[in-house]
$ cat protein26.pdb   # PDB, C-alpha atoms
ATOM      1  CA  MET R 970      29.147  -7.342   7.111  1.00  0.00           C
ATOM      2  CA  ARG R 971      27.256 -10.366   5.876  1.00  0.00           C
ATOM      3  CA  VAL R 972      28.305 -13.697   7.367  1.00  0.00           C
ATOM      4  CA  GLY R 973      26.809 -17.079   6.556  1.00  0.00           C
ATOM      5  CA  CYS R 974      26.691 -20.384   8.398  1.00  0.00           C
ATOM      6  CA  VAL R 975      27.373 -23.849   6.983  1.00  0.00           C
ATOM      7  CA  LEU R 976      26.639 -26.906   9.113  1.00  0.00           C
ATOM      8  CA  LEU R 977      28.284 -30.097   7.872  1.00  0.00           C
ATOM      9  CA  ALA R 978      26.151 -33.173   8.604  1.00  0.00           C
ATOM     10  CA  ALA R 979      26.890 -35.843   6.015  1.00  0.00           C
ATOM     11  CA  GLY R 980      29.345 -38.148   7.832  1.00  0.00           C
ATOM     12  CA  SER R 981      28.757 -41.890   7.791  1.00  0.00           C
ATOM     13  CA  GLY R 982      29.307 -42.514  11.515  1.00  0.00           C
ATOM     14  CA  ARG R 983      31.181 -45.775  10.821  1.00  0.00           C
ATOM     15  CA  ARG R 984      33.177 -45.602  14.056  1.00  0.00           C
ATOM     16  CA  PHE R 985      29.995 -44.834  16.004  1.00  0.00           C
ATOM     17  CA  GLY R 986      28.227 -47.920  14.623  1.00  0.00           C
ATOM     18  CA  GLU R 987      25.114 -46.092  13.375  1.00  0.00           C
ATOM     19  CA  ASN R 988      24.075 -42.657  12.180  1.00  0.00           C
ATOM     20  CA  LYS R 989      25.457 -40.672  15.106  1.00  0.00           C
ATOM     21  CA  LEU R 990      23.784 -37.470  13.914  1.00  0.00           C
ATOM     22  CA  LEU R 991      20.392 -38.893  14.908  1.00  0.00           C
ATOM     23  CA  PHE R 992      21.648 -40.304  18.226  1.00  0.00           C
ATOM     24  CA  PRO R 993      20.094 -38.514  21.217  1.00  0.00           C
ATOM     25  CA  VAL R 994      22.463 -36.660  23.518  1.00  0.00           C
ATOM     26  CA  GLU R 995      20.667 -35.582  26.679  1.00  0.00           C
ATOM     27  CA  GLY R 996      17.414 -36.251  24.821  1.00  0.00           C
ATOM     28  CA  VAL R 997      18.201 -34.213  21.700  1.00  0.00           C
ATOM     29  CA  PRO R 998      19.529 -35.658  18.397  1.00  0.00           C
ATOM     30  CA  LEU R 999      23.201 -34.789  18.011  1.00  0.00           C
ATOM     31  CA  TYR R1000      22.749 -32.697  14.856  1.00  0.00           C
ATOM     32  CA  ARG R1001      19.919 -30.653  16.388  1.00  0.00           C
ATOM     33  CA  ARG R1002      22.126 -29.518  19.267  1.00  0.00           C
ATOM     34  CA  VAL R1003      24.430 -27.647  16.890  1.00  0.00           C
ATOM     35  CA  LEU R1004      21.479 -26.295  14.898  1.00  0.00           C
ATOM     36  CA  SER R1005      20.050 -24.923  18.136  1.00  0.00           C
ATOM     37  CA  ALA R1006      23.343 -23.246  19.051  1.00  0.00           C
ATOM     38  CA  CYS R1007      23.369 -21.438  15.693  1.00  0.00           C
ATOM     39  CA  ALA R1008      19.635 -20.820  15.232  1.00  0.00           C
ATOM     40  CA  GLY R1009      19.395 -17.629  17.283  1.00  0.00           C
ATOM     41  CA  ILE R1010      22.246 -15.860  15.510  1.00  0.00           C
ATOM     42  CA  PRO R1011      21.241 -13.574  12.607  1.00  0.00           C
ATOM     43  CA  PHE R1012      23.391 -15.109   9.885  1.00  0.00           C
ATOM     44  CA  ALA R1013      22.853 -13.688   6.405  1.00  0.00           C
ATOM     45  CA  ARG R1014      22.468 -17.232   5.057  1.00  0.00           C
ATOM     46  CA  ARG R1015      22.225 -20.610   6.799  1.00  0.00           C
ATOM     47  CA  VAL R1016      22.577 -24.051   5.254  1.00  0.00           C
ATOM     48  CA  VAL R1017      22.900 -27.635   6.427  1.00  0.00           C
ATOM     49  CA  VAL R1018      24.715 -30.011   4.081  1.00  0.00           C
ATOM     50  CA  SER R1019      23.688 -33.632   4.546  1.00  0.00           C
ATOM     51  CA  ARG R1020      22.771 -36.847   2.780  1.00  0.00           C
ATOM     52  CA  TYR R1021      20.195 -37.835   5.405  1.00  0.00           C
ATOM     53  CA  PRO R1022      16.509 -36.924   4.832  1.00  0.00           C
ATOM     54  CA  PRO R1023      15.714 -36.625   8.585  1.00  0.00           C
ATOM     55  CA  VAL R1024      18.594 -34.156   9.025  1.00  0.00           C
ATOM     56  CA  LEU R1025      17.585 -32.146   5.945  1.00  0.00           C
ATOM     57  CA  SER R1026      13.945 -31.925   7.029  1.00  0.00           C
ATOM     58  CA  GLY R1027      15.026 -31.024  10.571  1.00  0.00           C
ATOM     59  CA  ALA R1028      17.265 -28.308   9.181  1.00  0.00           C
ATOM     60  CA  LEU R1029      14.381 -26.814   7.220  1.00  0.00           C
ATOM     61  CA  ALA R1030      12.192 -26.838  10.323  1.00  0.00           C
ATOM     62  CA  CYS R1031      14.894 -24.872  12.176  1.00  0.00           C
ATOM     63  CA  GLY R1032      15.207 -22.212   9.473  1.00  0.00           C
ATOM     64  CA  PHE R1033      18.240 -23.597   7.640  1.00  0.00           C
ATOM     65  CA  ALA R1034      18.285 -24.242   3.905  1.00  0.00           C
ATOM     66  CA  PRO R1035      18.833 -27.977   3.314  1.00  0.00           C
ATOM     67  CA  VAL R1036      21.564 -28.874   0.807  1.00  0.00           C
ATOM     68  CA  PHE R1037      21.617 -32.507  -0.300  1.00  0.00           C
ATOM     69  CA  ASN R1038      25.067 -34.056  -0.628  1.00  0.00           C
ATOM     70  CA  ALA R1039      24.911 -36.875  -3.164  1.00  0.00           C
ATOM     71  CA  GLY R1040      28.695 -37.296  -3.102  1.00  0.00           C
ATOM     72  CA  ALA R1041      29.223 -37.755   0.632  1.00  0.00           C
ATOM     73  CA  GLU R1042      31.210 -40.967   0.133  1.00  0.00           C
ATOM     74  CA  GLU R1043      34.081 -38.868  -1.240  1.00  0.00           C
ATOM     75  CA  GLY R1044      34.664 -37.379   2.198  1.00  0.00           C
ATOM     76  CA  ILE R1045      34.151 -34.073   3.954  1.00  0.00           C
ATOM     77  CA  ALA R1046      35.422 -32.000   1.017  1.00  0.00           C
ATOM     78  CA  ALA R1047      32.205 -32.747  -0.883  1.00  0.00           C
ATOM     79  CA  SER R1048      30.189 -31.101   1.883  1.00  0.00           C
ATOM     80  CA  VAL R1049      32.592 -28.172   2.192  1.00  0.00           C
ATOM     81  CA  ARG R1050      32.361 -27.504  -1.560  1.00  0.00           C
ATOM     82  CA  LEU R1051      28.572 -27.427  -1.444  1.00  0.00           C
ATOM     83  CA  GLY R1052      28.611 -25.171   1.599  1.00  0.00           C
ATOM     84  CA  ALA R1053      31.155 -22.797   0.072  1.00  0.00           C
ATOM     85  CA  ALA R1054      29.094 -22.558  -3.119  1.00  0.00           C
ATOM     86  CA  ALA R1055      26.048 -21.594  -1.045  1.00  0.00           C
ATOM     87  CA  MET R1056      28.029 -18.809   0.675  1.00  0.00           C
ATOM     88  CA  GLN R1057      29.390 -17.051  -2.423  1.00  0.00           C
ATOM     89  CA  GLY R1058      29.059 -13.272  -2.285  1.00  0.00           C
ATOM     90  CA  LEU R1059      29.164 -13.055   1.517  1.00  0.00           C
ATOM     91  CA  ASP R1060      31.908 -11.403   3.564  1.00  0.00           C
ATOM     92  CA  GLY R1061      32.563 -14.581   5.496  1.00  0.00           C
ATOM     93  CA  ALA R1062      31.201 -17.994   6.395  1.00  0.00           C
ATOM     94  CA  LEU R1063      31.259 -20.071   9.546  1.00  0.00           C
ATOM     95  CA  PHE R1064      31.776 -23.793   8.960  1.00  0.00           C
ATOM     96  CA  ALA R1065      30.724 -26.079  11.804  1.00  0.00           C
ATOM     97  CA  VAL R1066      30.458 -29.842  12.164  1.00  0.00           C
ATOM     98  CA  CYS R1067      27.299 -31.347  13.624  1.00  0.00           C
ATOM     99  CA  ASP R1068      28.964 -33.788  16.016  1.00  0.00           C
ATOM    100  CA  GLN R1069      29.974 -31.264  18.701  1.00  0.00           C
ATOM    101  CA  PRO R1070      27.032 -31.542  21.117  1.00  0.00           C
ATOM    102  CA  TYR R1071      28.277 -28.956  23.609  1.00  0.00           C
ATOM    103  CA  LEU R1072      29.035 -26.102  21.207  1.00  0.00           C
ATOM    104  CA  SER R1073      27.428 -22.950  22.610  1.00  0.00           C
ATOM    105  CA  THR R1074      25.842 -19.867  21.113  1.00  0.00           C
ATOM    106  CA  GLU R1075      28.190 -17.836  23.320  1.00  0.00           C
ATOM    107  CA  SER R1076      31.284 -19.247  21.623  1.00  0.00           C
ATOM    108  CA  ILE R1077      29.809 -18.793  18.150  1.00  0.00           C
ATOM    109  CA  ARG R1078      29.170 -15.149  19.012  1.00  0.00           C
ATOM    110  CA  ARG R1079      32.811 -14.850  20.121  1.00  0.00           C
ATOM    111  CA  LEU R1080      33.899 -16.055  16.681  1.00  0.00           C
ATOM    112  CA  LEU R1081      31.586 -13.555  14.979  1.00  0.00           C
ATOM    113  CA  ASN R1082      32.806 -10.683  17.143  1.00  0.00           C
ATOM    114  CA  ALA R1083      36.433 -11.557  16.374  1.00  0.00           C
ATOM    115  CA  PHE R1084      35.620 -11.647  12.674  1.00  0.00           C
ATOM    116  CA  MET R1085      33.924  -8.244  12.804  1.00  0.00           C
ATOM    117  CA  GLU R1086      37.121  -6.808  14.305  1.00  0.00           C
ATOM    118  CA  SER R1087      39.457  -8.563  11.814  1.00  0.00           C
ATOM    119  CA  PRO R1088      37.446  -9.656   8.749  1.00  0.00           C
ATOM    120  CA  HIS R1089      40.529 -10.586   6.699  1.00  0.00           C
ATOM    121  CA  ARG R1090      41.575 -13.289   9.171  1.00  0.00           C
ATOM    122  CA  ILE R1091      40.530 -16.930   9.655  1.00  0.00           C
ATOM    123  CA  HIS R1092      38.974 -17.341  13.109  1.00  0.00           C
ATOM    124  CA  ALA R1093      38.930 -20.795  14.723  1.00  0.00           C
ATOM    125  CA  LEU R1094      37.416 -21.812  18.032  1.00  0.00           C
ATOM    126  CA  SER R1095      40.116 -23.102  20.357  1.00  0.00           C
ATOM    127  CA  TRP R1096      40.842 -24.251  23.870  1.00  0.00           C
ATOM    128  CA  ARG R1097      44.150 -23.351  25.515  1.00  0.00           C
ATOM    129  CA  GLY R1098      45.809 -22.736  22.188  1.00  0.00           C
ATOM    130  CA  GLU R1099      44.550 -25.890  20.455  1.00  0.00           C
ATOM    131  CA  ARG R1100      42.617 -25.190  17.273  1.00  0.00           C
ATOM    132  CA  GLY R1101      39.235 -26.816  16.772  1.00  0.00           C
ATOM    133  CA  ASN R1102      35.867 -26.198  15.108  1.00  0.00           C
ATOM    134  CA  PRO R1103      33.949 -24.149  14.087  1.00  0.00           C
ATOM    135  CA  VAL R1104      36.082 -22.019  11.775  1.00  0.00           C
ATOM    136  CA  LEU R1105      34.981 -18.706  10.284  1.00  0.00           C
ATOM    137  CA  PHE R1106      36.584 -18.028   6.895  1.00  0.00           C
ATOM    138  CA  PRO R1107      36.722 -14.641   5.173  1.00  0.00           C
ATOM    139  CA  GLY R1108      34.919 -14.423   1.837  1.00  0.00           C
ATOM    140  CA  ASP R1109      38.095 -14.329  -0.246  1.00  0.00           C
ATOM    141  CA  LEU R1110      38.879 -17.921   0.819  1.00  0.00           C
ATOM    142  CA  LEU R1111      35.526 -19.390  -0.218  1.00  0.00           C
ATOM    143  CA  GLY R1112      36.959 -20.155  -3.654  1.00  0.00           C
ATOM    144  CA  GLU R1113      39.706 -22.285  -2.091  1.00  0.00           C
ATOM    145  CA  LEU R1114      37.155 -24.113   0.038  1.00  0.00           C
ATOM    146  CA  ALA R1115      35.083 -24.748  -3.098  1.00  0.00           C
ATOM    147  CA  GLY R1116      38.116 -26.403  -4.691  1.00  0.00           C
ATOM    148  CA  LEU R1117      38.797 -28.994  -1.982  1.00  0.00           C
ATOM    149  CA  THR R1118      38.717 -32.704  -2.785  1.00  0.00           C
ATOM    150  CA  GLY R1119      38.852 -35.954  -0.828  1.00  0.00           C
ATOM    151  CA  ASP R1120      38.510 -36.410   2.898  1.00  0.00           C
ATOM    152  CA  LEU R1121      40.271 -33.249   4.041  1.00  0.00           C
ATOM    153  CA  GLY R1122      38.177 -30.226   4.833  1.00  0.00           C
ATOM    154  CA  GLY R1123      38.781 -26.609   5.732  1.00  0.00           C
ATOM    155  CA  ALA R1124      41.878 -27.463   7.779  1.00  0.00           C
ATOM    156  CA  ARG R1125      43.735 -27.738   4.488  1.00  0.00           C
ATOM    157  CA  VAL R1126      42.935 -24.105   3.708  1.00  0.00           C
ATOM    158  CA  VAL R1127      43.901 -23.052   7.245  1.00  0.00           C
ATOM    159  CA  ARG R1128      47.307 -24.721   6.802  1.00  0.00           C
ATOM    160  CA  ARG R1129      47.853 -22.809   3.537  1.00  0.00           C
ATOM    161  CA  HIS R1130      47.369 -19.485   5.357  1.00  0.00           C
ATOM    162  CA  PRO R1131      48.890 -19.862   8.852  1.00  0.00           C
ATOM    163  CA  GLU R1132      49.685 -16.147   8.983  1.00  0.00           C
ATOM    164  CA  ARG R1133      45.967 -15.339   8.808  1.00  0.00           C
ATOM    165  CA  LEU R1134      44.820 -17.653  11.615  1.00  0.00           C
ATOM    166  CA  SER R1135      43.409 -16.249  14.853  1.00  0.00           C
ATOM    167  CA  LEU R1136      42.368 -18.533  17.701  1.00  0.00           C
ATOM    168  CA  VAL R1137      39.243 -17.622  19.645  1.00  0.00           C
ATOM    169  CA  GLU R1138      38.953 -19.205  23.063  1.00  0.00           C
ATOM    170  CA  ALA R1139      35.795 -21.235  23.664  1.00  0.00           C
ATOM    171  CA  ALA R1140      33.699 -20.633  26.749  1.00  0.00           C
ATOM    172  CA  ARG R1141      34.359 -24.233  27.909  1.00  0.00           C
ATOM    173  CA  ALA R1142      36.697 -27.071  26.963  1.00  0.00           C
ATOM    174  CA  ARG R1143      33.922 -29.531  26.165  1.00  0.00           C
ATOM    175  CA  GLU R1144      32.619 -27.356  23.340  1.00  0.00           C
ATOM    176  CA  LEU R1145      35.427 -28.639  21.117  1.00  0.00           C
ATOM    177  CA  TRP R1146      34.670 -32.313  21.761  1.00  0.00           C
ATOM    178  CA  ASP R1147      33.496 -34.159  18.689  1.00  0.00           C
ATOM    179  CA  ILE R1148      31.697 -37.451  18.969  1.00  0.00           C
ATOM    180  CA  ASP R1149      33.237 -40.237  16.877  1.00  0.00           C
ATOM    181  CA  ARG R1150      32.492 -43.260  19.071  1.00  0.00           C
ATOM    182  CA  ARG R1151      29.862 -43.994  21.700  1.00  0.00           C
ATOM    183  CA  GLU R1152      32.593 -43.886  24.357  1.00  0.00           C
ATOM    184  CA  ASP R1153      33.142 -40.211  23.535  1.00  0.00           C
ATOM    185  CA  LEU R1154      29.829 -39.477  25.250  1.00  0.00           C
ATOM    186  CA  LEU R1155      31.056 -40.908  28.556  1.00  0.00           C
ATOM    187  CA  PRO R1156      32.906 -38.850  31.194  1.00  0.00           C
ATOM    188  CA  ALA R1157      34.999 -42.000  31.745  1.00  0.00           C
ATOM    189  CA  ALA R1158      36.608 -41.324  28.358  1.00  0.00           C
ATOM    190  CA  GLY R1159      38.901 -38.980  30.276  1.00  0.00           C
ATOM    191  CA  LYS R1160      36.913 -35.818  29.735  1.00  0.00           C
ATOM    192  CA  ASP R1161      35.681 -33.641  32.549  1.00  0.00           C
ATOM    193  CA  ILE R1162      32.161 -32.608  31.588  1.00  0.00           C
ATOM    194  CA  THR R1163      32.237 -29.740  34.088  1.00  0.00           C
ATOM    195  CA  GLU R1164      34.948 -27.860  32.169  1.00  0.00           C
TER
END

$ encode --input "protein26.pdb" --output "structure tokens"
Amino acid sequence: MRVGCVLLAAGSGRRFGENKLLFPVEGVPLYRRVLSACAGIPFARRVVVSRYPPVLSGALACGFAPVFNAGAEEGIAASVRLGAAAMQGLDGALFAVCDQPYLSTESIRRLLNAFMESPHRIHALSWRGERGNPVLFPGDLLGELAGLTGDLGGARVVRRHPERLSLVEAARARELWDIDRREDLLPAAGKDITE
């Protein structure tokens, strides 16, 4: 089966106060941490959707096709549409956001393995039954993803097909953390970084 990878990296970072994707986390820009987690997996196709030239050039350097999002102000749906269009013809596509600094290759492989066993289902990374990102969609749902509008992403498609959702447990709780504010990077924000 041929599975692609779409990394969404076009957010404005308003709540963060600057372009969070370029902010170093443990010495590595936030977006590059997710690229690194996905880079060693043999996806049939890999793209990064962004409006930021440094992210697009970094994506290219890591072996991902850069996809410029000129309509990022609309919201995340603009990025999802571009990513879905780039994945047409594949059996499935993993959609990941680039503000989860602790996402691991191990958990991405778990998603892929689950998909290989049940390729008609939607597979979402989770922790203790709580759905998060990334989400791996079967190819027959790429058309629905390509039709999204506004500031709601793939979760809208997941909600339309609850009977097809499978949760795949992450290796660690912190893999599902997304960084919206600077405080989210601090253990004092109520998160145990050892989980």

$ residues_around --input "protein26.pdb" --residues "R:Leu1117" --least-positions-apart "5" --cutoff "10 Å" --atoms "only C-alpha atoms" --output "MDAnalysis selection string"
chainID R and resid 1045:1050 1112 1122:1123 1125:1126

$ closest_residue --input "protein26.pdb" --among "R:Val972, R:Leu1134, R:Leu1072, R:Leu1059" --to "R:His1092" --atoms "only C-alpha atoms"
R:Leu1134

$ resolve_selection --input "protein26.pdb" --expression "the PyMOL selection byres ((chain R and resi 1064) around 8)" --output "list in words"
Cys974, Val975, Leu976, Leu977, Ala1062, Leu1063, Ala1065, Val1066, Asn1102, Pro1103, Val1104, Leu1105 and Phe1106 of chain R

$ resolve_selection --input "protein26.pdb" --expression "the PyMOL selection byres ((chain R and resi 978) around 8)" --output "MDAnalysis selection string"
chainID R and resid 976:977 979:980 990 1000 1017:1020 1024 1066:1068

$ resolve_selection --input "protein26.pdb" --expression "the PyMOL selection byres ((chain R and resi 1090) around 8)" --output "list in words"
Phe1084, Ser1087, Pro1088, His1089, Ile1091, His1092, Phe1106, Pro1107, Arg1133, Leu1134 and Ser1135 of chain R

$ atom_distance --input "protein26.pdb" --atom1 "atom CA of R:Arg1097" --atom2 "atom CA of R:Arg1143"
12.0 Å
